[in-house]
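A.B. asks: For reference, this is target-v2.txt, and it has compact mmCIF, C-alpha atoms.
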# COMPACT_ATOMS: atom_id res chain seq x y z
CA MET A 1 26.56 -16.81 1.70
CA GLY A 2 22.89 -16.04 1.03
CA ALA A 3 21.49 -13.73 -1.62
CA HIS A 4 22.02 -10.02 -1.07
CA PHE A 5 21.16 -6.93 -3.11
CA ASP A 6 21.85 -3.23 -2.70
CA GLN A 7 18.87 -1.11 -1.73
CA VAL A 8 16.74 0.09 -4.66
CA PRO A 9 15.35 3.65 -4.32
CA LEU A 10 11.60 3.86 -3.84
CA VAL A 11 9.93 4.98 -7.07
CA GLY A 12 8.76 8.56 -6.70
CA THR A 13 11.28 9.63 -4.09
CA GLY A 14 13.68 11.09 -6.67
CA LEU A 15 13.27 14.18 -8.84
CA ASP A 16 12.41 12.07 -11.90
CA PRO A 17 9.70 9.43 -11.34
CA ALA A 18 10.11 8.12 -14.89
CA GLY A 19 13.82 7.59 -14.28
CA ASP A 20 13.01 5.91 -10.97
CA ILE A 21 10.81 3.40 -12.83
CA ASP A 22 13.55 2.62 -15.33
CA GLY A 23 15.96 2.08 -12.46
CA TRP A 24 13.52 -0.17 -10.61
CA LEU A 25 12.92 -2.36 -13.66
CA ALA A 26 16.66 -2.65 -14.38
CA SER A 27 17.58 -3.33 -10.75
CA ALA A 28 19.45 -6.46 -9.73
CA PRO A 29 16.66 -7.87 -7.49
CA VAL A 30 14.00 -7.56 -10.21
CA HIS A 31 16.32 -9.18 -12.76
CA ALA A 32 17.13 -11.98 -10.31
CA LEU A 33 13.46 -12.67 -9.57
CA VAL A 34 12.64 -13.02 -13.26
CA GLU A 35 15.61 -15.31 -13.84
CA ALA A 36 14.78 -17.46 -10.81
CA PHE A 37 11.22 -18.12 -11.97
CA SER A 38 11.85 -18.25 -15.73
CA ARG A 39 10.53 -21.25 -17.64
CA THR A 40 11.25 -20.40 -21.26
CA GLU A 41 13.81 -18.59 -23.41
CA GLN A 42 11.25 -15.79 -23.75
CA ASP A 43 11.34 -15.36 -19.96
CA HIS A 44 15.15 -15.13 -19.99
CA GLU A 45 14.92 -12.59 -22.80
CA LEU A 46 12.62 -10.49 -20.61
CA ALA A 47 15.21 -10.56 -17.82
CA ARG A 48 17.92 -9.38 -20.24
CA ASP A 49 15.73 -6.61 -21.66
CA LEU A 50 14.84 -5.34 -18.19
CA ALA A 51 18.49 -5.19 -17.15
CA ALA A 52 19.44 -3.40 -20.37
CA GLU A 53 16.45 -0.99 -20.22
CA LYS A 54 15.62 -2.19 -23.73
CA GLY A 55 12.33 -1.08 -25.23
CA ASP A 56 9.55 1.25 -24.17
CA VAL A 57 9.04 1.34 -20.40
CA ALA A 58 5.29 0.71 -20.68
CA GLU A 59 5.99 -2.34 -22.87
CA ARG A 60 8.55 -3.67 -20.37
CA LEU A 61 6.05 -3.26 -17.54
CA ALA A 62 3.35 -5.04 -19.56
CA ARG A 63 5.69 -7.96 -20.26
CA LEU A 64 6.70 -8.13 -16.61
CA ASP A 65 3.05 -7.99 -15.54
CA ALA A 66 2.28 -10.96 -17.79
CA PHE A 67 5.27 -12.80 -16.34
CA THR A 68 4.11 -12.24 -12.75
CA ASP A 69 0.77 -13.87 -13.48
CA ARG A 70 2.45 -17.13 -12.45
CA TRP A 71 2.75 -15.69 -8.93
CA ASP A 72 -0.93 -14.71 -8.63
CA THR A 73 -2.40 -17.07 -6.07
CA ARG A 74 -5.06 -14.54 -5.04
CA ARG A 75 -7.14 -14.81 -8.22
CA GLY A 76 -9.34 -11.94 -7.14
CA ARG A 77 -9.57 -12.99 -3.49
CA GLU A 78 -8.41 -11.12 -0.41
CA ARG A 79 -4.74 -11.50 0.50
CA ASN A 80 -5.38 -13.73 3.51
CA LEU A 81 -7.14 -16.26 1.26
CA ALA A 82 -4.28 -16.59 -1.24
CA ASP A 83 -2.62 -19.98 -1.68
CA GLU A 84 1.10 -20.56 -1.22
CA LEU A 85 3.33 -21.17 -4.22
CA PRO A 86 5.54 -24.26 -4.29
CA MET A 87 9.14 -23.01 -4.13
CA ARG A 88 12.64 -24.38 -3.73
CA PRO A 89 14.62 -23.16 -0.69
CA ASP A 90 16.99 -21.15 -2.92
CA GLN A 91 14.01 -19.41 -4.54
CA GLU A 92 12.53 -18.52 -1.15
CA GLU A 93 15.87 -17.14 0.01
CA LEU A 94 16.22 -15.02 -3.12
CA VAL A 95 12.66 -13.67 -2.84
CA LEU A 96 13.21 -12.53 0.75
CA ALA A 97 16.50 -10.82 -0.16
CA ALA A 98 14.90 -9.12 -3.17
CA ALA A 99 11.94 -7.94 -1.09
CA GLU A 100 14.28 -6.34 1.41
CA ALA A 101 16.18 -4.52 -1.36
CA LEU A 102 12.91 -3.33 -2.91
CA GLY A 103 11.84 -1.65 0.34
CA MET A 104 9.32 -4.21 1.61
CA HIS A 105 10.96 -4.92 4.98
CA GLY A 106 10.44 -1.56 6.69
CA GLY A 107 12.77 1.13 7.89
CA THR A 108 11.24 4.54 8.47
CA ARG A 109 11.97 7.12 5.78
CA LEU A 110 10.78 10.39 7.27
CA ARG A 111 12.02 13.39 5.30
CA TYR A 112 10.26 15.93 7.52
CA ASP A 113 9.30 16.39 11.15
CA ARG A 114 5.98 18.03 10.25
CA TYR A 115 3.29 16.81 7.87
CA ASP A 116 0.05 18.56 7.00
CA HIS A 117 -1.75 15.23 6.77
CA VAL A 118 -0.95 11.78 8.17
CA LEU A 119 -2.90 9.03 6.40
CA MET A 120 -3.35 5.54 7.83
CA LEU A 121 -4.22 3.11 5.04
CA GLY A 122 -6.82 0.42 5.60
CA GLY A 123 -6.51 -3.30 4.99
CA LEU A 124 -7.14 -6.55 6.79
CA ILE A 125 -8.04 -6.43 10.50
CA ARG A 126 -4.43 -6.62 11.70
CA ALA A 127 -3.47 -3.67 9.49
CA CYS A 128 -6.38 -1.61 10.79
CA LEU A 129 -5.07 -2.00 14.34
CA VAL A 130 -1.30 -1.88 13.82
CA ARG A 131 -1.14 1.01 11.34
CA THR A 132 -3.36 3.23 13.45
CA ALA A 133 -1.29 2.41 16.54
CA TYR A 134 1.98 3.14 14.71
CA ALA A 135 0.70 6.47 13.36
CA ALA A 136 -0.36 7.44 16.88
CA HIS A 137 3.10 6.43 18.12
CA LEU A 138 4.77 8.73 15.58
CA VAL A 139 2.58 11.66 16.60
CA GLN A 140 2.48 11.08 20.35
CA THR A 141 6.25 10.57 20.68
CA GLY A 142 6.99 13.73 18.71
CA ARG A 143 8.59 11.93 15.76
CA VAL A 144 6.24 13.94 13.57
CA THR A 145 3.82 16.80 14.05
CA ALA A 146 0.57 16.45 12.12
CA GLY A 147 -1.96 19.02 11.02
CA SER A 148 -4.60 16.30 10.78
CA VAL A 149 -4.85 12.51 10.81
CA THR A 150 -7.06 10.43 8.53
CA ALA A 151 -7.76 6.69 8.49
CA LEU A 152 -8.54 5.66 4.91
CA GLY A 153 -10.43 2.46 4.28
CA GLY A 154 -13.64 1.12 2.82
CA HIS A 155 -16.73 -0.93 3.58
CA ARG A 156 -15.10 -4.33 3.04
CA PRO A 157 -16.64 -7.30 4.88
CA PHE A 158 -14.25 -9.49 6.88
CA VAL A 159 -13.18 -12.83 5.44
CA GLY A 160 -11.22 -15.81 6.71
CA ASP A 161 -9.50 -15.43 10.06
CA GLU A 162 -10.38 -11.74 10.48
CA PHE A 163 -13.32 -12.54 12.76
CA GLU A 164 -11.07 -14.53 15.08
CA LEU A 165 -8.41 -11.79 15.08
CA ALA A 166 -11.05 -9.17 15.93
CA ALA A 167 -12.16 -11.24 18.91
CA GLN A 168 -8.55 -11.60 20.06
CA ALA A 169 -8.22 -7.80 19.87
CA GLY A 170 -11.17 -7.42 22.23
CA ALA A 171 -13.66 -6.34 19.58
CA PRO A 172 -15.71 -9.41 18.55
CA GLU A 173 -18.44 -7.10 17.25
CA LEU A 174 -16.30 -5.96 14.31
CA GLU A 175 -17.30 -7.38 10.94
CA GLU A 176 -15.80 -5.03 8.34
CA GLU A 177 -12.80 -2.82 7.55
CA TYR A 178 -14.37 0.64 8.13
CA GLU A 179 -15.51 -0.32 11.62
CA ALA A 180 -12.10 -1.84 12.33
CA MET A 181 -10.34 1.35 11.21
CA ASP A 182 -12.67 3.36 13.42
CA PHE A 183 -12.03 1.06 16.39
CA GLY A 184 -8.26 1.16 15.85
CA THR A 185 -8.17 4.93 15.43
CA ARG A 186 -10.28 5.64 18.50
CA ARG A 187 -8.17 3.29 20.61
CA ALA A 188 -4.81 4.57 19.33
CA PHE A 189 -5.61 8.27 19.70
CA GLY A 190 -7.84 8.07 22.78
CA LEU A 191 -10.88 9.53 21.02
CA GLY A 192 -14.39 9.98 22.36
CA ALA A 193 -17.60 10.22 20.37
CA PRO A 194 -17.41 11.64 16.84
CA GLU A 195 -18.21 15.31 16.29
CA SER A 196 -20.05 14.44 13.07
CA VAL A 197 -20.99 11.41 11.01
CA GLU A 198 -21.64 11.50 7.27
CA GLY A 199 -22.30 8.80 4.75
CA GLU A 200 -24.42 7.22 2.10
CA GLU A 201 -25.67 3.66 1.78
CA SER A 202 -25.86 1.85 -1.55
CA ASP A 203 -26.93 -1.56 -2.81
CA LEU A 204 -23.90 -1.68 -5.11
CA PRO A 205 -20.87 -3.70 -3.89
CA GLY A 206 -18.58 -0.66 -3.75
CA GLY A 207 -20.93 2.31 -3.65
CA THR A 208 -21.20 2.99 0.07
CA TRP A 209 -19.11 5.70 1.76
CA GLY A 210 -18.80 7.21 5.21
CA VAL A 211 -16.87 9.81 7.21
CA ARG A 212 -16.59 10.12 10.99
CA ARG A 213 -14.89 13.25 12.29
CA TYR A 214 -13.20 13.45 15.69
CA ARG A 215 -10.87 15.78 17.55
CA THR A 216 -8.08 14.81 19.94
CA PRO A 217 -7.97 16.40 23.42
CA ASP A 218 -5.40 18.90 22.13
CA GLY A 219 -7.60 19.83 19.16
CA MET A 220 -6.08 17.92 16.24
CA PRO A 221 -8.70 16.85 13.65
CA VAL A 222 -9.02 13.11 13.07
CA GLN A 223 -11.15 11.53 10.35
CA VAL A 224 -12.11 7.92 9.69
CA VAL A 225 -13.11 7.47 6.07
CA ALA A 226 -14.76 4.72 4.03
CA ALA A 227 -14.17 5.69 0.41
CA PRO A 228 -16.54 4.70 -2.40
CA SER A 229 -15.35 2.63 -5.33
CA SER A 230 -14.76 4.20 -8.74
CA GLU A 231 -16.35 1.02 -10.16
CA PRO A 232 -19.12 0.36 -7.61
CA GLU A 233 -20.89 -2.22 -9.76
CA ARG A 234 -17.78 -4.42 -9.93
CA ARG A 235 -15.69 -4.12 -6.78
CA ARG A 236 -14.99 -2.45 -3.45
CA ALA A 237 -12.84 0.67 -3.17
CA ASP A 238 -9.10 0.18 -3.65
CA THR A 239 -6.16 2.30 -2.46
CA PRO A 240 -6.28 4.75 -5.43
CA ASP A 241 -10.01 5.23 -4.84
CA SER A 242 -9.34 6.16 -1.22
CA TYR A 243 -6.60 8.61 -2.25
CA ALA A 244 -8.96 10.28 -4.74
CA PHE A 245 -11.78 10.57 -2.22
CA PHE A 246 -9.44 12.01 0.39
CA ALA A 247 -8.06 14.61 -2.01
CA LYS A 248 -11.41 15.71 -3.37
CA GLN A 249 -13.79 15.37 -0.42
CA ILE A 250 -11.73 15.46 2.78
CA ALA A 251 -8.59 17.56 2.51
CA GLU A 252 -8.83 20.16 -0.30
CA LEU A 253 -5.11 19.63 -0.92
CA GLN A 254 -2.87 22.58 -1.71
CA PRO A 255 0.44 22.53 -3.64
CA GLY A 256 3.43 22.10 -1.36
CA GLU A 257 1.57 20.34 1.45
CA ARG A 258 3.26 17.32 2.98
CA LEU A 259 1.54 13.96 3.34
CA LEU A 260 2.78 10.98 5.33
CA LEU A 261 1.20 7.63 4.49
CA VAL A 262 1.42 4.87 7.09
CA THR A 263 1.00 1.29 5.92
CA THR A 264 2.63 -2.13 6.35
CA ALA A 265 6.15 -2.36 4.95
CA ILE A 266 5.39 -5.07 2.40
CA TYR A 267 2.89 -2.75 0.65
CA VAL A 268 5.04 0.42 0.63
CA PRO A 269 6.33 0.30 -2.99
CA ALA A 270 2.93 -0.30 -4.61
CA GLN A 271 1.01 2.12 -2.40
CA HIS A 272 3.64 4.84 -2.70
CA ALA A 273 3.57 4.62 -6.50
CA ALA A 274 -0.21 4.99 -6.36
CA ALA A 275 0.15 8.01 -4.07
CA VAL A 276 2.58 9.66 -6.50
CA ARG A 277 0.04 9.13 -9.27
CA MET A 278 -3.12 10.12 -7.39
CA LEU A 279 -1.80 12.81 -5.05
CA LYS A 280 1.62 14.18 -5.99
CA LEU A 281 1.15 14.59 -9.74
CA PRO A 282 -2.30 16.23 -9.79
CA TYR A 283 -2.04 18.28 -6.58
CA GLY A 284 1.64 19.14 -6.31
CA VAL A 285 2.00 17.77 -2.78
CA GLU A 286 4.97 16.00 -1.22
CA VAL A 287 4.34 12.35 -0.31
CA ASP A 288 6.25 10.03 2.01
CA THR A 289 5.16 6.42 2.65
CA VAL A 290 6.44 4.41 5.59
CA GLY A 291 5.85 0.93 6.97
CA ASN A 292 5.47 -0.04 10.61
CA GLU A 293 8.82 -0.46 12.31
CA PRO A 294 9.19 -3.98 13.75
CA GLY A 295 9.37 -4.12 17.53
CA VAL A 296 8.33 -0.51 18.13
CA LEU A 297 4.81 -1.17 19.41
CA ALA A 298 4.55 -2.99 22.73
CA GLY A 299 2.49 -6.15 22.52
CA MET A 300 2.50 -6.19 18.72
CA ALA A 301 5.04 -8.61 17.28
CA ALA A 302 6.45 -7.97 13.84
CA GLN A 303 4.27 -9.59 11.17
CA GLN A 304 5.98 -12.33 9.19
CA PHE A 305 5.27 -12.75 5.48
CA SER A 306 5.97 -15.73 3.27
CA ALA A 307 7.93 -15.57 0.02
CA THR A 308 4.63 -15.98 -1.85
CA LYS A 309 3.19 -12.88 -0.18
CA TYR A 310 6.24 -10.85 -1.24
CA LEU A 311 5.90 -12.04 -4.83
CA LEU A 312 2.24 -11.00 -4.81
CA GLU A 313 3.27 -7.50 -3.77
CA VAL A 314 6.02 -7.32 -6.38
CA ARG A 315 3.22 -8.03 -8.85
CA SER A 316 1.08 -5.30 -7.28
CA THR A 317 4.01 -2.89 -7.59
CA VAL A 318 4.44 -3.68 -11.28
CA ARG A 319 0.78 -2.88 -11.89
CA SER A 320 0.95 0.30 -9.82
CA LEU A 321 4.03 1.44 -11.77
CA ALA A 322 2.27 0.80 -15.08
CA ARG A 323 -0.56 3.12 -14.06
CA LEU A 324 1.97 5.69 -12.91
CA VAL A 325 3.69 5.60 -16.33
CA ASP A 326 0.32 6.26 -18.00
CA ALA A 327 -0.28 9.21 -15.67
CA LEU A 328 3.19 10.65 -16.24
CA ARG A 329 2.63 10.60 -20.00
CA GLN A 330 -0.62 12.49 -19.59
CA THR A 331 0.87 15.11 -17.27
CA PRO A 332 1.92 18.35 -19.05
Re-express the file's structure as structure tokens.
C.D. replies:
Amino acid sequence: MGAHFDQVPLVGTGLDPAGDIDGWLASAPVHALVEAFSRTEQDHELARDLAAEKGDVAERLARLDAFTDRWDTRRGRERNLADELPMRPDQEELVLAAAEALGMHGGTRLRYDRYDHVLMLGGLIRACLVRTAYAAHLVQTGRVTAGSVTALGGHRPFVGDEFELAAQAGAPELEEEYEAMDFGTRRAFGLGAPESVEGEESDLPGGTWGVRRYRTPDGMPVQVVAAPSSEPERRRADTPDSYAFFAKQIAELQPGERLLLVTTAIYVPAQHAAAVRMLKLPYGVEVDTVGNEPGVLAGMAAQQFSATKYLLEVRSTVRSLARLVDALRQTP
């Protein structure tokens, strides 16, 4: 029989985010991953301490972050340029089982049938097309009612096979994420020309931003947003940057509002933890994060991820949780 783990609650879905983090770190799949890739007695000690919830949670996260450095094949590059890790078959099997238990394989978790804002998160070209189509599917089939819809991305130039994938999608002119999000959103929601276009150009790598505002035939507002980076001299905008820009410049969030974030399942844990930190804690809103459901969209096969890709996103989750712990400690 292959590896199997019970489902681990998504951090931030319970009443106590700090308790959720403790539970995540002590969970069987996280313990098993550390044991499976341990090289030293110090590594095995980390696995034992995580299972026993021994030590300060921030310290445990820091130790786990250092441990996951052995999985980092991106080394600052985009995800589609990351190398594959050499793994034994039993390690691959365990990683896939752990990823499923940690909420990286999908399964829609909709707590409500109405959301004030539906956010489609940007990414590589495939994500820009599939996430926008899935969000439109949720709205157009009546699964959810939305007050507004926003595509959140950034001005990130394409790399690797993205140019080829854009051509296959019928849009060979696309060369960057913001334009891909705009293309995907217009196609998914049947939009015409934008009602307004705003933006600012910059010579800095992450300083440019833009907003295109549309309206569906039945009057629902739709925005396509390229967020600026909080460190424009060093890097492009990341997911927390896009959350912050949305909250401050696009939505004027009010306590009690409901937000639904649509992403790819593999990224749900890390991006949801960031949403709890950037949106729920400071603004008092409710946040749900869902991944595309495999097989729902006609003509779009479920995306397959390697064990290495799942380990990279476990690492991203660890880092996102560490930032959430810092925010929780600063929240009155």
A.B. asks: Per residue of region 114-186 of chain A within 9 Å of region 223-233 of chain A, which atom pair is closest and at what distance in Å (one decimal), using all atoms listed in the file, listed by chain and increasing number, as CSV?
C.D. replies:
residue,atom,partner,partner_atom,distance
A:Ser148,CA,A:Gln223,CA,8.1
A:Val149,CA,A:Gln223,CA,6.4
A:Thr150,CA,A:Gln223,CA,4.6
A:Ala151,CA,A:Val224,CA,4.7
A:Leu152,CA,A:Val225,CA,5.1
A:Gly153,CA,A:Ala226,CA,4.9
A:Gly154,CA,A:Ala226,CA,4.0
A:His155,CA,A:Ala226,CA,6.0
A:Glu177,CA,A:Ala226,CA,8.5
A:Tyr178,CA,A:Ala226,CA,5.8
A:Met181,CA,A:Val224,CA,7.0
A:Asp182,CA,A:Val224,CA,5.9
A:Thr185,CA,A:Val224,CA,7.6
A.B. asks: Since we have the selection now, will you write its residues out, keeping C-alpha atoms, as a short mmCIF file (atom, residue, chain, number, x, y, z; two decimals), in the frame of the given file?
C.D. replies:
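Result file follows (out.cif):
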data_model
loop_
_atom_site.label_atom_id
_atom_site.label_comp_id
_atom_site.auth_asym_id
_atom_site.auth_seq_id
_atom_site.Cartn_x
_atom_site.Cartn_y
_atom_site.Cartn_z
CA SER A 148 -4.60 16.30 10.78
CA VAL A 149 -4.85 12.51 10.81
CA THR A 150 -7.06 10.43 8.53
CA ALA A 151 -7.76 6.69 8.49
CA LEU A 152 -8.54 5.66 4.91
CA GLY A 153 -10.43 2.46 4.28
CA GLY A 154 -13.64 1.12 2.82
CA HIS A 155 -16.73 -0.93 3.58
CA GLU A 177 -12.80 -2.82 7.55
CA TYR A 178 -14.37 0.64 8.13
CA MET A 181 -10.34 1.35 11.21
CA ASP A 182 -12.67 3.36 13.42
CA THR A 185 -8.17 4.93 15.43
#
A.B. asks: Any idea what's packed within 6 Å of region 48-65 of chain A, counting all atoms listed in the file, ignoring anything in its chain fewer than 3 positions away? Could you give it as a compact mmCIF listing (two decimals) with C-alpha atoms, keeping the file's coordinate frame?
C.D. replies:
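Below is the file out-v5.txt, written as the result:
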# COMPACT_ATOMS: atom_id res chain seq x y z
CA LEU A 25 12.92 -2.36 -13.66
CA ALA A 26 16.66 -2.65 -14.38
CA GLU A 45 14.92 -12.59 -22.80
CA THR A 68 4.11 -12.24 -12.75
A.B. asks: Find the nearest atom pair between each residue of region 247-304 of chain A and region 16-24 of chain A for residues within 12 Å, count only C-alpha atoms, give distances in Å to one decimal, sort rows by chain and ascending number, and present the table as CSV.
C.D. replies:
residue,atom,partner,partner_atom,distance
A:Pro269,CA,A:Trp24,CA,10.5
A:Ala270,CA,A:Ile21,CA,12.0
A:His272,CA,A:Pro17,CA,11.5
A:Ala273,CA,A:Pro17,CA,9.2
A:Ala274,CA,A:Pro17,CA,11.9
A:Val276,CA,A:Pro17,CA,8.6
A:Arg277,CA,A:Pro17,CA,9.9
A:Lys280,CA,A:Pro17,CA,10.8
A:Leu281,CA,A:Pro17,CA,10.1
A.B. asks: Create the file for the chosen residues now, containing C-alpha atoms and written as a short mmCIF file (atom, residue, chain, number, x, y, z; two decimals), keeping the file's coordinate frame.
C.D. replies:
data_model
loop_
_atom_site.label_atom_id
_atom_site.label_comp_id
_atom_site.auth_asym_id
_atom_site.auth_seq_id
_atom_site.Cartn_x
_atom_site.Cartn_y
_atom_site.Cartn_z
CA PRO A 269 6.33 0.30 -2.99
CA ALA A 270 2.93 -0.30 -4.61
CA HIS A 272 3.64 4.84 -2.70
CA ALA A 273 3.57 4.62 -6.50
CA ALA A 274 -0.21 4.99 -6.36
CA VAL A 276 2.58 9.66 -6.50
CA ARG A 277 0.04 9.13 -9.27
CA LYS A 280 1.62 14.18 -5.99
CA LEU A 281 1.15 14.59 -9.74
#
A.B. asks: Compare A:Cys128, A:Leu96, A:Leu174, A:Leu253 by their minimum atom-to-atom distance to Gln304 (chain A), counting all atoms listed in the file, and give me the closest one.
C.D. replies: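 Smallest separation from Gln304 (chain A) among the options: A:Leu96.
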A.B. asks: Counting only C-alpha atoms, which of A:Glu78, A:Glu200, A:Glu293, A:Glu313 gets nearest to His137 (chain A)?
C.D. replies: A:Glu293
A.B. asks: Pick the closest to Thr208 (chain A) from A:Glu162, A:Arg156, A:Glu257, A:Ala322: which is it, counting all atoms listed in the file?
C.D. replies: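 Of all the options, A:Arg156 lies closest to Thr208 (chain A).
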A.B. asks: Compare A:Ala307, A:Val268, A:Val197, A:Ala244 by their minimum atom-to-atom distance to Leu10 (chain A), counting only C-alpha atoms, and give me the closest one.
C.D. replies: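 Smallest distance to Leu10 (chain A) is found for A:Val268.
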A.B. asks: Just to confirm, what's the straight-line distance from CA of Pro194 (chain A) to CA of Thr141 (chain A) in Å (one decimal)?
C.D. replies: 24.0 Å
A.B. asks: Pick the closest to Arg114 (chain A) from A:Ala237, A:Leu102, A:Ala136, A:Val144: which is it, counting only C-alpha atoms?
C.D. replies: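 With only C-alpha atoms as the atom set, the closest residue is A:Val144.
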A.B. asks: So the first atom is CA of Thr263 (chain A) and the second is CA of Ser320 (chain A); what is the distance between them in Å, to one decimal place?
C.D. replies: 15.8 Å
A.B. asks: Hey, can you check how far CA of Ala169 (chain A) sits from CA of Tyr243 (chain A)?
C.D. replies: 27.6 Å
A.B. asks: Working from the structure I just supplied, which lacks atoms in region 22-29 of chain A, can you model all heavy atoms there and output them as a compact mmCIF listing (two decimals), in the frame of the given file?
C.D. replies:
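The result, stored in selection21.txt:
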# COMPACT_ATOMS: atom_id res chain seq x y z
N ASP A 22 12.52 3.30 -14.54
CA ASP A 22 13.55 2.62 -15.33
C ASP A 22 14.57 1.93 -14.42
O ASP A 22 14.96 0.77 -14.66
CB ASP A 22 14.28 3.63 -16.23
CG ASP A 22 13.60 3.81 -17.58
OD1 ASP A 22 13.01 2.84 -18.09
OD2 ASP A 22 13.65 4.92 -18.12
N GLY A 23 14.99 2.65 -13.38
CA GLY A 23 15.96 2.08 -12.46
C GLY A 23 15.42 0.89 -11.71
O GLY A 23 16.15 -0.10 -11.47
N TRP A 24 14.16 0.94 -11.33
CA TRP A 24 13.52 -0.17 -10.61
C TRP A 24 13.46 -1.41 -11.50
O TRP A 24 13.82 -2.51 -11.08
CB TRP A 24 12.12 0.24 -10.18
CG TRP A 24 11.45 -0.69 -9.20
CD1 TRP A 24 11.49 -0.62 -7.84
CD2 TRP A 24 10.63 -1.83 -9.52
NE1 TRP A 24 10.75 -1.64 -7.30
CE2 TRP A 24 10.21 -2.39 -8.29
CE3 TRP A 24 10.21 -2.41 -10.71
CZ2 TRP A 24 9.40 -3.52 -8.24
CZ3 TRP A 24 9.40 -3.54 -10.67
CH2 TRP A 24 9.00 -4.09 -9.44
N LEU A 25 13.04 -1.23 -12.74
CA LEU A 25 12.92 -2.36 -13.66
C LEU A 25 14.28 -2.99 -13.97
O LEU A 25 14.38 -4.21 -14.17
CB LEU A 25 12.25 -1.92 -14.96
CG LEU A 25 10.74 -1.67 -14.90
CD1 LEU A 25 10.25 -1.03 -16.18
CD2 LEU A 25 10.00 -2.99 -14.65
N ALA A 26 15.32 -2.15 -14.03
CA ALA A 26 16.66 -2.65 -14.38
C ALA A 26 17.44 -3.12 -13.16
O ALA A 26 18.57 -3.59 -13.30
CB ALA A 26 17.45 -1.54 -15.09
N SER A 27 16.85 -3.03 -11.98
CA SER A 27 17.58 -3.33 -10.75
C SER A 27 17.93 -4.82 -10.64
O SER A 27 17.24 -5.69 -11.20
CB SER A 27 16.77 -2.90 -9.52
OG SER A 27 15.61 -3.71 -9.37
N ALA A 28 18.98 -5.08 -9.90
CA ALA A 28 19.45 -6.46 -9.73
C ALA A 28 18.40 -7.37 -9.10
O ALA A 28 18.23 -8.52 -9.55
CB ALA A 28 20.73 -6.47 -8.90
N PRO A 29 17.66 -6.95 -8.07
CA PRO A 29 16.66 -7.87 -7.49
C PRO A 29 15.54 -8.22 -8.44
O PRO A 29 15.06 -9.37 -8.46
CB PRO A 29 16.16 -7.14 -6.25
CG PRO A 29 16.57 -5.73 -6.41
CD PRO A 29 17.80 -5.73 -7.25
